[in-house]
file final-v7.cif (mmCIF, N, CA and C atoms)
data_start
loop_
_atom_site.group_PDB
_atom_site.id
_atom_site.type_symbol
_atom_site.label_atom_id
_atom_site.label_comp_id
_atom_site.auth_asym_id
_atom_site.auth_seq_id
_atom_site.Cartn_x
_atom_site.Cartn_y
_atom_site.Cartn_z
ATOM 1 N N MET A 10 -48.547 36.855 -26.093
ATOM 2 C CA MET A 10 -48.966 36.415 -24.777
ATOM 3 C C MET A 10 -49.189 37.607 -23.859
ATOM 4 N N LEU A 11 -48.296 38.594 -23.918
ATOM 5 C CA LEU A 11 -48.426 39.775 -23.075
ATOM 6 C C LEU A 11 -49.691 40.554 -23.415
ATOM 7 N N ALA A 12 -50.008 40.660 -24.695
ATOM 8 C CA ALA A 12 -51.220 41.377 -25.098
ATOM 9 C C ALA A 12 -52.465 40.668 -24.578
ATOM 10 N N TYR A 13 -52.461 39.338 -24.617
ATOM 11 C CA TYR A 13 -53.612 38.594 -24.116
ATOM 12 C C TYR A 13 -53.766 38.799 -22.618
ATOM 13 N N ASN A 14 -52.683 38.612 -21.858
ATOM 14 C CA ASN A 14 -52.765 38.766 -20.409
ATOM 15 C C ASN A 14 -53.051 40.199 -19.998
ATOM 16 N N GLY A 15 -52.431 41.132 -20.672
ATOM 17 C CA GLY A 15 -52.588 42.525 -20.287
ATOM 18 C C GLY A 15 -53.927 43.118 -20.667
ATOM 19 N N LEU A 16 -54.365 42.877 -21.870
ATOM 20 C CA LEU A 16 -55.588 43.510 -22.344
ATOM 21 C C LEU A 16 -56.815 42.626 -22.183
ATOM 22 N N ALA A 17 -56.766 41.460 -22.744
ATOM 23 C CA ALA A 17 -57.967 40.619 -22.771
ATOM 24 C C ALA A 17 -58.316 40.049 -21.393
ATOM 25 N N ALA A 18 -57.418 39.313 -20.798
ATOM 26 C CA ALA A 18 -57.739 38.627 -19.541
ATOM 27 C C ALA A 18 -57.911 39.605 -18.384
ATOM 28 N N THR A 19 -56.975 40.534 -18.222
ATOM 29 C CA THR A 19 -57.073 41.489 -17.123
ATOM 30 C C THR A 19 -58.233 42.444 -17.338
ATOM 31 N N GLY A 20 -58.435 42.888 -18.555
ATOM 32 C CA GLY A 20 -59.567 43.769 -18.852
ATOM 33 C C GLY A 20 -60.896 43.098 -18.578
ATOM 34 N N PHE A 21 -61.024 41.845 -18.993
ATOM 35 C CA PHE A 21 -62.261 41.116 -18.733
ATOM 36 C C PHE A 21 -62.470 40.909 -17.238
ATOM 37 N N ALA A 22 -61.418 40.540 -16.514
ATOM 38 C CA ALA A 22 -61.542 40.317 -15.074
ATOM 39 C C ALA A 22 -61.949 41.604 -14.355
ATOM 40 N N PHE A 23 -61.347 42.735 -14.720
ATOM 41 C CA PHE A 23 -61.709 44.009 -14.112
ATOM 42 C C PHE A 23 -63.161 44.353 -14.416
ATOM 43 N N TRP A 24 -63.578 44.202 -15.660
ATOM 44 C CA TRP A 24 -64.958 44.473 -16.031
ATOM 45 C C TRP A 24 -65.925 43.585 -15.238
ATOM 46 N N ALA A 25 -65.586 42.297 -15.091
ATOM 47 C CA ALA A 25 -66.465 41.377 -14.369
ATOM 48 C C ALA A 25 -66.610 41.770 -12.903
ATOM 49 N N VAL A 26 -65.512 42.141 -12.252
ATOM 50 C CA VAL A 26 -65.577 42.528 -10.841
ATOM 51 C C VAL A 26 -66.386 43.808 -10.666
ATOM 52 N N VAL A 27 -66.176 44.782 -11.536
ATOM 53 C CA VAL A 27 -66.926 46.034 -11.440
ATOM 54 C C VAL A 27 -68.413 45.779 -11.673
ATOM 55 N N THR A 28 -68.743 44.958 -12.639
ATOM 56 C CA THR A 28 -70.143 44.653 -12.928
ATOM 57 C C THR A 28 -70.798 43.928 -11.761
ATOM 58 N N ILE A 29 -70.100 42.972 -11.192
ATOM 59 C CA ILE A 29 -70.652 42.228 -10.057
ATOM 60 C C ILE A 29 -70.779 43.131 -8.841
ATOM 61 N N ASN A 30 -69.820 44.031 -8.642
ATOM 62 C CA ASN A 30 -69.869 44.947 -7.498
ATOM 63 C C ASN A 30 -71.068 45.882 -7.553
ATOM 64 N N ARG A 31 -71.578 46.147 -8.722
ATOM 65 C CA ARG A 31 -72.761 47.002 -8.842
ATOM 66 C C ARG A 31 -74.001 46.331 -8.272
ATOM 67 N N GLY A 32 -74.051 45.007 -8.319
ATOM 68 C CA GLY A 32 -75.232 44.288 -7.869
ATOM 69 C C GLY A 32 -75.117 43.676 -6.487
ATOM 70 N N LEU A 33 -73.908 43.553 -5.976
ATOM 71 C CA LEU A 33 -73.703 42.932 -4.668
ATOM 72 C C LEU A 33 -72.947 43.881 -3.752
ATOM 73 N N PRO A 34 -73.128 43.738 -2.442
ATOM 74 C CA PRO A 34 -72.322 44.530 -1.521
ATOM 75 C C PRO A 34 -70.844 44.164 -1.630
ATOM 76 N N ALA A 35 -69.985 45.110 -1.340
ATOM 77 C CA ALA A 35 -68.543 44.886 -1.441
ATOM 78 C C ALA A 35 -68.085 43.766 -0.515
ATOM 79 N N SER A 36 -68.742 43.594 0.633
ATOM 80 C CA SER A 36 -68.321 42.538 1.557
ATOM 81 C C SER A 36 -68.521 41.154 0.942
ATOM 82 N N GLU A 37 -69.597 40.967 0.203
ATOM 83 C CA GLU A 37 -69.830 39.666 -0.439
ATOM 84 C C GLU A 37 -68.861 39.446 -1.598
ATOM 85 N N THR A 38 -68.618 40.494 -2.362
ATOM 86 C CA THR A 38 -67.679 40.379 -3.468
ATOM 87 C C THR A 38 -66.278 40.050 -2.958
ATOM 88 N N SER A 39 -65.868 40.673 -1.864
ATOM 89 C CA SER A 39 -64.528 40.416 -1.332
ATOM 90 C C SER A 39 -64.386 38.982 -0.844
ATOM 91 N N LEU A 40 -65.453 38.386 -0.308
ATOM 92 C CA LEU A 40 -65.383 36.984 0.116
ATOM 93 C C LEU A 40 -65.140 36.065 -1.074
ATOM 94 N N VAL A 41 -65.805 36.345 -2.170
ATOM 95 C CA VAL A 41 -65.603 35.527 -3.367
ATOM 96 C C VAL A 41 -64.179 35.694 -3.893
ATOM 97 N N LEU A 42 -63.686 36.932 -3.890
ATOM 98 C CA LEU A 42 -62.320 37.174 -4.374
ATOM 99 C C LEU A 42 -61.283 36.522 -3.473
ATOM 100 N N LEU A 43 -61.551 36.446 -2.163
ATOM 101 C CA LEU A 43 -60.623 35.760 -1.259
ATOM 102 C C LEU A 43 -60.588 34.253 -1.514
ATOM 103 N N ALA A 44 -61.679 33.708 -2.005
ATOM 104 C CA ALA A 44 -61.749 32.269 -2.238
ATOM 105 C C ALA A 44 -61.107 31.851 -3.555
ATOM 106 N N VAL A 45 -60.762 32.786 -4.425
ATOM 107 C CA VAL A 45 -60.195 32.452 -5.737
ATOM 108 C C VAL A 45 -58.907 31.627 -5.617
ATOM 109 N N PRO A 46 -57.925 32.008 -4.798
ATOM 110 C CA PRO A 46 -56.719 31.182 -4.699
ATOM 111 C C PRO A 46 -57.002 29.776 -4.159
ATOM 112 N N VAL A 47 -57.958 29.664 -3.252
ATOM 113 C CA VAL A 47 -58.313 28.349 -2.710
ATOM 114 C C VAL A 47 -58.841 27.456 -3.827
ATOM 115 N N VAL A 48 -59.721 27.996 -4.647
ATOM 116 C CA VAL A 48 -60.276 27.226 -5.759
ATOM 117 C C VAL A 48 -59.188 26.891 -6.778
ATOM 118 N N GLY A 49 -58.314 27.843 -7.063
ATOM 119 C CA GLY A 49 -57.247 27.609 -8.036
ATOM 120 C C GLY A 49 -56.278 26.520 -7.607
ATOM 121 N N ILE A 50 -55.853 26.562 -6.354
ATOM 122 C CA ILE A 50 -54.895 25.559 -5.870
ATOM 123 C C ILE A 50 -55.559 24.193 -5.759
ATOM 124 N N THR A 51 -56.807 24.173 -5.307
ATOM 125 C CA THR A 51 -57.540 22.906 -5.225
ATOM 126 C C THR A 51 -57.751 22.319 -6.621
ATOM 127 N N SER A 52 -58.090 23.161 -7.590
ATOM 128 C CA SER A 52 -58.282 22.688 -8.962
ATOM 129 C C SER A 52 -56.987 22.146 -9.553
ATOM 130 N N ALA A 53 -55.870 22.827 -9.278
ATOM 131 C CA ALA A 53 -54.578 22.354 -9.785
ATOM 132 C C ALA A 53 -54.218 21.004 -9.175
ATOM 133 N N ALA A 54 -54.526 20.823 -7.905
ATOM 134 C CA ALA A 54 -54.232 19.537 -7.258
ATOM 135 C C ALA A 54 -55.082 18.420 -7.857
ATOM 136 N N LEU A 55 -56.335 18.705 -8.133
ATOM 137 C CA LEU A 55 -57.226 17.668 -8.670
ATOM 138 C C LEU A 55 -56.998 17.428 -10.160
ATOM 139 N N ALA A 56 -56.790 18.486 -10.931
ATOM 140 C CA ALA A 56 -56.710 18.342 -12.381
ATOM 141 C C ALA A 56 -55.364 17.817 -12.860
ATOM 142 N N ILE A 57 -54.270 18.333 -12.309
ATOM 143 C CA ILE A 57 -52.952 17.936 -12.825
ATOM 144 C C ILE A 57 -52.076 17.265 -11.776
ATOM 145 N N GLY A 58 -52.655 16.976 -10.621
ATOM 146 C CA GLY A 58 -51.931 16.227 -9.598
ATOM 147 C C GLY A 58 -50.830 17.006 -8.884
ATOM 148 N N GLU A 59 -50.917 18.317 -8.884
ATOM 149 C CA GLU A 59 -49.919 19.134 -8.193
ATOM 150 C C GLU A 59 -50.044 18.935 -6.688
ATOM 151 N N ARG A 60 -48.911 18.803 -6.014
ATOM 152 C CA ARG A 60 -48.907 18.556 -4.573
ATOM 153 C C ARG A 60 -48.568 19.841 -3.821
ATOM 154 N N PRO A 61 -49.555 20.414 -3.108
ATOM 155 C CA PRO A 61 -49.267 21.629 -2.337
ATOM 156 C C PRO A 61 -48.429 21.306 -1.100
ATOM 157 N N SER A 62 -47.587 22.263 -0.710
ATOM 158 C CA SER A 62 -46.736 22.072 0.469
ATOM 159 C C SER A 62 -47.565 22.227 1.750
ATOM 160 N N ALA A 63 -46.956 21.890 2.873
ATOM 161 C CA ALA A 63 -47.652 21.993 4.159
ATOM 162 C C ALA A 63 -47.987 23.438 4.492
ATOM 163 N N THR A 64 -47.077 24.358 4.193
ATOM 164 C CA THR A 64 -47.371 25.767 4.480
ATOM 165 C C THR A 64 -48.482 26.299 3.576
ATOM 166 N N LEU A 65 -48.526 25.835 2.341
ATOM 167 C CA LEU A 65 -49.597 26.239 1.437
ATOM 168 C C LEU A 65 -50.940 25.701 1.924
ATOM 169 N N LEU A 66 -50.960 24.470 2.382
ATOM 170 C CA LEU A 66 -52.190 23.895 2.930
ATOM 171 C C LEU A 66 -52.638 24.643 4.188
ATOM 172 N N ALA A 67 -51.675 25.044 5.027
ATOM 173 C CA ALA A 67 -52.015 25.811 6.228
ATOM 174 C C ALA A 67 -52.614 27.164 5.833
ATOM 175 N N GLY A 68 -52.026 27.801 4.821
ATOM 176 C CA GLY A 68 -52.569 29.070 4.340
ATOM 177 C C GLY A 68 -53.962 28.912 3.768
ATOM 178 N N LEU A 69 -54.178 27.846 3.012
ATOM 179 C CA LEU A 69 -55.509 27.590 2.460
ATOM 180 C C LEU A 69 -56.525 27.366 3.570
ATOM 181 N N ALA A 70 -56.106 26.661 4.614
ATOM 182 C CA ALA A 70 -57.009 26.422 5.741
ATOM 183 C C ALA A 70 -57.365 27.728 6.444
ATOM 184 N N LEU A 71 -56.382 28.610 6.627
ATOM 185 C CA LEU A 71 -56.651 29.893 7.276
ATOM 186 C C LEU A 71 -57.565 30.778 6.432
ATOM 187 N N VAL A 72 -57.305 30.840 5.139
ATOM 188 C CA VAL A 72 -58.154 31.645 4.258
ATOM 189 C C VAL A 72 -59.576 31.070 4.225
ATOM 190 N N SER A 73 -59.691 29.762 4.121
ATOM 191 C CA SER A 73 -61.018 29.126 4.103
ATOM 192 C C SER A 73 -61.766 29.367 5.402
ATOM 193 N N ALA A 74 -61.058 29.275 6.530
ATOM 194 C CA ALA A 74 -61.696 29.528 7.825
ATOM 195 C C ALA A 74 -62.140 30.985 7.932
ATOM 196 N N GLY A 75 -61.321 31.910 7.455
ATOM 197 C CA GLY A 75 -61.697 33.322 7.482
ATOM 198 C C GLY A 75 -62.911 33.610 6.630
ATOM 199 N N VAL A 76 -62.954 33.026 5.447
ATOM 200 C CA VAL A 76 -64.113 33.221 4.566
ATOM 201 C C VAL A 76 -65.364 32.614 5.213
ATOM 202 N N ALA A 77 -65.237 31.425 5.783
ATOM 203 C CA ALA A 77 -66.386 30.772 6.416
ATOM 204 C C ALA A 77 -66.889 31.572 7.617
ATOM 205 N N LEU A 78 -65.968 32.063 8.451
ATOM 206 C CA LEU A 78 -66.381 32.847 9.615
ATOM 207 C C LEU A 78 -67.042 34.150 9.209
ATOM 208 N N THR A 79 -66.504 34.795 8.205
ATOM 209 C CA THR A 79 -67.080 36.057 7.751
ATOM 210 C C THR A 79 -68.438 35.833 7.092
ATOM 211 N N ALA A 80 -68.557 34.786 6.311
ATOM 212 C CA ALA A 80 -69.824 34.510 5.629
ATOM 213 C C ALA A 80 -70.917 34.108 6.607
ATOM 214 N N SER A 81 -70.557 33.522 7.734
ATOM 215 C CA SER A 81 -71.563 33.097 8.705
ATOM 216 C C SER A 81 -71.765 34.135 9.798
ATOM 217 N N GLY A 82 -71.281 35.356 9.579
ATOM 218 C CA GLY A 82 -71.389 36.433 10.565
ATOM 219 C C GLY A 82 -72.802 36.977 10.663
ATOM 220 N N PRO A 83 -72.946 38.165 11.267
ATOM 221 C CA PRO A 83 -74.266 38.766 11.439
ATOM 222 C C PRO A 83 -74.968 38.998 10.109
ATOM 223 N N ALA A 84 -76.265 39.123 10.184
ATOM 224 C CA ALA A 84 -77.067 39.327 8.972
ATOM 225 C C ALA A 84 -76.690 40.630 8.286
ATOM 226 N N ARG A 85 -76.943 40.683 7.000
ATOM 227 C CA ARG A 85 -76.624 41.869 6.207
ATOM 228 C C ARG A 85 -77.406 43.074 6.729
ATOM 229 N N GLY A 86 -76.744 44.204 6.816
ATOM 230 C CA GLY A 86 -77.400 45.415 7.277
ATOM 231 C C GLY A 86 -77.316 45.613 8.779
ATOM 232 N N TYR A 87 -76.768 44.663 9.501
ATOM 233 C CA TYR A 87 -76.659 44.762 10.949
ATOM 234 C C TYR A 87 -75.225 45.092 11.325
ATOM 235 N N SER A 88 -75.084 46.041 12.204
ATOM 236 C CA SER A 88 -73.761 46.363 12.712
ATOM 237 C C SER A 88 -73.898 46.689 14.184
ATOM 238 N N SER A 89 -73.155 46.010 15.024
ATOM 239 C CA SER A 89 -73.233 46.258 16.459
ATOM 240 C C SER A 89 -72.476 47.514 16.851
ATOM 241 N N ARG A 90 -71.695 48.096 15.930
ATOM 242 C CA ARG A 90 -70.906 49.276 16.257
ATOM 243 C C ARG A 90 -71.680 50.578 16.058
ATOM 244 N N ILE A 91 -72.734 50.570 15.279
ATOM 245 C CA ILE A 91 -73.474 51.800 15.004
ATOM 246 C C ILE A 91 -74.804 51.730 15.744
ATOM 247 N N PRO A 92 -74.951 52.492 16.830
ATOM 248 C CA PRO A 92 -76.202 52.418 17.595
ATOM 249 C C PRO A 92 -77.345 53.114 16.861
ATOM 250 N N ASP A 93 -78.546 52.679 17.136
ATOM 251 C CA ASP A 93 -79.742 53.274 16.571
ATOM 252 C C ASP A 93 -80.130 54.466 17.441
ATOM 253 N N PRO A 94 -80.160 55.698 16.897
ATOM 254 C CA PRO A 94 -80.446 56.863 17.729
ATOM 255 C C PRO A 94 -81.831 56.815 18.356
ATOM 256 N N GLU A 95 -82.817 56.244 17.675
ATOM 257 C CA GLU A 95 -84.161 56.183 18.242
ATOM 258 C C GLU A 95 -84.220 55.272 19.456
ATOM 259 N N SER A 96 -83.503 54.157 19.433
ATOM 260 C CA SER A 96 -83.553 53.242 20.568
ATOM 261 C C SER A 96 -82.815 53.806 21.770
ATOM 262 N N GLU A 97 -81.813 54.648 21.555
ATOM 263 C CA GLU A 97 -81.094 55.248 22.676
ATOM 264 C C GLU A 97 -81.943 56.293 23.384
ATOM 265 N N ARG A 98 -82.749 57.055 22.646
ATOM 266 C CA ARG A 98 -83.567 58.097 23.248
ATOM 267 C C ARG A 98 -84.925 57.573 23.678
ATOM 268 N N GLY A 99 -85.313 56.418 23.197
ATOM 269 C CA GLY A 99 -86.615 55.876 23.543
ATOM 270 C C GLY A 99 -87.723 56.356 22.618
ATOM 271 N N GLY A 100 -87.410 56.958 21.508
ATOM 272 C CA GLY A 100 -88.442 57.419 20.583
ATOM 273 C C GLY A 100 -87.812 58.090 19.387
ATOM 274 N N PRO A 101 -88.646 58.676 18.536
ATOM 275 C CA PRO A 101 -88.102 59.338 17.351
ATOM 276 C C PRO A 101 -87.304 60.585 17.723
ATOM 277 N N ALA A 102 -86.454 60.994 16.839
ATOM 278 C CA ALA A 102 -85.629 62.176 17.068
ATOM 279 C C ALA A 102 -86.509 63.423 17.075
ATOM 280 N N PRO A 103 -86.174 64.408 17.915
ATOM 281 C CA PRO A 103 -86.977 65.637 17.934
ATOM 282 C C PRO A 103 -86.782 66.399 16.633
ATOM 283 N N PRO A 104 -87.806 67.204 16.266
ATOM 284 C CA PRO A 104 -87.680 67.968 15.026
ATOM 285 C C PRO A 104 -86.581 69.014 15.168
ATOM 286 N N PRO A 105 -85.927 69.372 14.051
ATOM 287 C CA PRO A 105 -84.880 70.385 14.127
ATOM 288 C C PRO A 105 -85.470 71.750 14.464
ATOM 289 N N ARG A 106 -84.714 72.548 15.215
ATOM 290 C CA ARG A 106 -85.178 73.887 15.576
ATOM 291 C C ARG A 106 -84.783 74.864 14.480
ATOM 292 N N GLY A 107 -85.639 75.810 14.270
ATOM 293 C CA GLY A 107 -85.361 76.851 13.284
ATOM 294 C C GLY A 107 -84.438 77.893 13.868
ATOM 295 N N PRO A 108 -84.020 78.854 13.047
ATOM 296 C CA PRO A 108 -83.140 79.907 13.549
ATOM 297 C C PRO A 108 -83.881 80.795 14.546
ATOM 298 N N SER A 109 -83.159 81.242 15.548
ATOM 299 C CA SER A 109 -83.766 82.130 16.567
ATOM 300 C C SER A 109 -83.882 83.528 16.000
ATOM 301 N N ALA A 110 -85.008 84.173 16.296
ATOM 302 C CA ALA A 110 -85.197 85.534 15.792
ATOM 303 C C ALA A 110 -85.061 86.543 16.883
#

call {"tool": "encode", "arguments": {"input": "final-v7.cif", "output": "structure tokens"}}
result
Amino acid sequence: MLAYNGLAATGFAFWAVVTINRGLPASETSLVLLAVPVVGITSAALAIGERPSATLLAGLALVSAGVALTASGPARGYSSRIPDPESERGGPAPPPRGPSA
């Protein structure tokens, strides 16, 4: 059992995350990884009738709300914290000056 969990399952999971990270931005990959416990607990409740506690349900609600808020945030490639240098100056950046002789 230890060999399966240690080598096969963990190795496959690591390989899958690295492979997916190559094609998607890290922010999108992290949202999917945050949703894994929500899917697991929901699946356990539906498949085998496990009853989650009130604190577990509250945690699931908070994680789900965080994932939903982050996923519905600004468009990809937009950041309000990094200003565009051209828009601040009103035009393209001046050419660099050469060394003074």

call {"tool": "axis_aligned_box", "arguments": {"input": "final-v7.cif", "around": "segment 60-63 of chain A", "padding_each_side": "6 Å", "output": "lines of an AutoDock Vina configuration file"}}
result
center_x = -48.1
center_y = 21.0
center_z = -0.8
size_x = 14.8
size_y = 16.9
size_z = 22.5

call {"tool": "resolve_selection", "arguments": {"input": "final-v7.cif", "expression": "the PyMOL selection byres ((chain A and resi 30-45) around 8)", "output": "short mmCIF file (atom, residue, chain, number, x, y, z; two decimals) with N, CA and C atoms, keeping the file's coordinate frame"}}
result
data_model
loop_
_atom_site.label_atom_id
_atom_site.label_comp_id
_atom_site.auth_asym_id
_atom_site.auth_seq_id
_atom_site.Cartn_x
_atom_site.Cartn_y
_atom_site.Cartn_z
N TRP A 24 -63.58 44.20 -15.66
CA TRP A 24 -64.96 44.47 -16.03
C TRP A 24 -65.92 43.58 -15.24
N ALA A 25 -65.59 42.30 -15.09
CA ALA A 25 -66.46 41.38 -14.37
C ALA A 25 -66.61 41.77 -12.90
N VAL A 26 -65.51 42.14 -12.25
CA VAL A 26 -65.58 42.53 -10.84
C VAL A 26 -66.39 43.81 -10.67
N VAL A 27 -66.18 44.78 -11.54
CA VAL A 27 -66.93 46.03 -11.44
C VAL A 27 -68.41 45.78 -11.67
N THR A 28 -68.74 44.96 -12.64
CA THR A 28 -70.14 44.65 -12.93
C THR A 28 -70.80 43.93 -11.76
N ILE A 29 -70.10 42.97 -11.19
CA ILE A 29 -70.65 42.23 -10.06
C ILE A 29 -70.78 43.13 -8.84
N PRO A 46 -57.92 32.01 -4.80
CA PRO A 46 -56.72 31.18 -4.70
C PRO A 46 -57.00 29.78 -4.16
N VAL A 47 -57.96 29.66 -3.25
CA VAL A 47 -58.31 28.35 -2.71
C VAL A 47 -58.84 27.46 -3.83
N VAL A 48 -59.72 28.00 -4.65
CA VAL A 48 -60.28 27.23 -5.76
C VAL A 48 -59.19 26.89 -6.78
N GLY A 49 -58.31 27.84 -7.06
CA GLY A 49 -57.25 27.61 -8.04
C GLY A 49 -56.28 26.52 -7.61
N ILE A 50 -55.85 26.56 -6.35
CA ILE A 50 -54.90 25.56 -5.87
C ILE A 50 -55.56 24.19 -5.76
N THR A 51 -56.81 24.17 -5.31
CA THR A 51 -57.54 22.91 -5.22
C THR A 51 -57.75 22.32 -6.62
N VAL A 72 -57.30 30.84 5.14
CA VAL A 72 -58.15 31.64 4.26
C VAL A 72 -59.58 31.07 4.22
N SER A 73 -59.69 29.76 4.12
CA SER A 73 -61.02 29.13 4.10
C SER A 73 -61.77 29.37 5.40
N GLY A 75 -61.32 31.91 7.46
CA GLY A 75 -61.70 33.32 7.48
C GLY A 75 -62.91 33.61 6.63
N VAL A 76 -62.95 33.03 5.45
CA VAL A 76 -64.11 33.22 4.57
C VAL A 76 -65.36 32.61 5.21
N ALA A 77 -65.24 31.42 5.78
CA ALA A 77 -66.39 30.77 6.42
C ALA A 77 -66.89 31.57 7.62
N THR A 79 -66.50 34.80 8.20
CA THR A 79 -67.08 36.06 7.75
C THR A 79 -68.44 35.83 7.09
N ALA A 80 -68.56 34.79 6.31
CA ALA A 80 -69.82 34.51 5.63
C ALA A 80 -70.92 34.11 6.61
#

call {"tool": "atom_distance", "arguments": {"input": "final-v7.cif", "atom1": "atom CA of Ala54 of chain A", "atom2": "atom CA of Ala22 of chain A"}}
result
23.4 Å

call {"tool": "atom_distance", "arguments": {"input": "final-v7.cif", "atom1": "atom CA of Ala53 of chain A", "atom2": "atom CA of Gly68 of chain A"}}
result
15.8 Å

call {"tool": "select_by_dssp", "arguments": {"input": "final-v7.cif", "residues": "segment 33-90 of chain A", "states": "alpha helix (DSSP H)", "output": "PyMOL selection string"}}
result
chain A and resi 35-57+63-80

call {"tool": "atom_distance", "arguments": {"input": "final-v7.cif", "atom1": "atom CA of Leu71 of chain A", "atom2": "atom CA of Ile57 of chain A"}}
result
23.7 Å
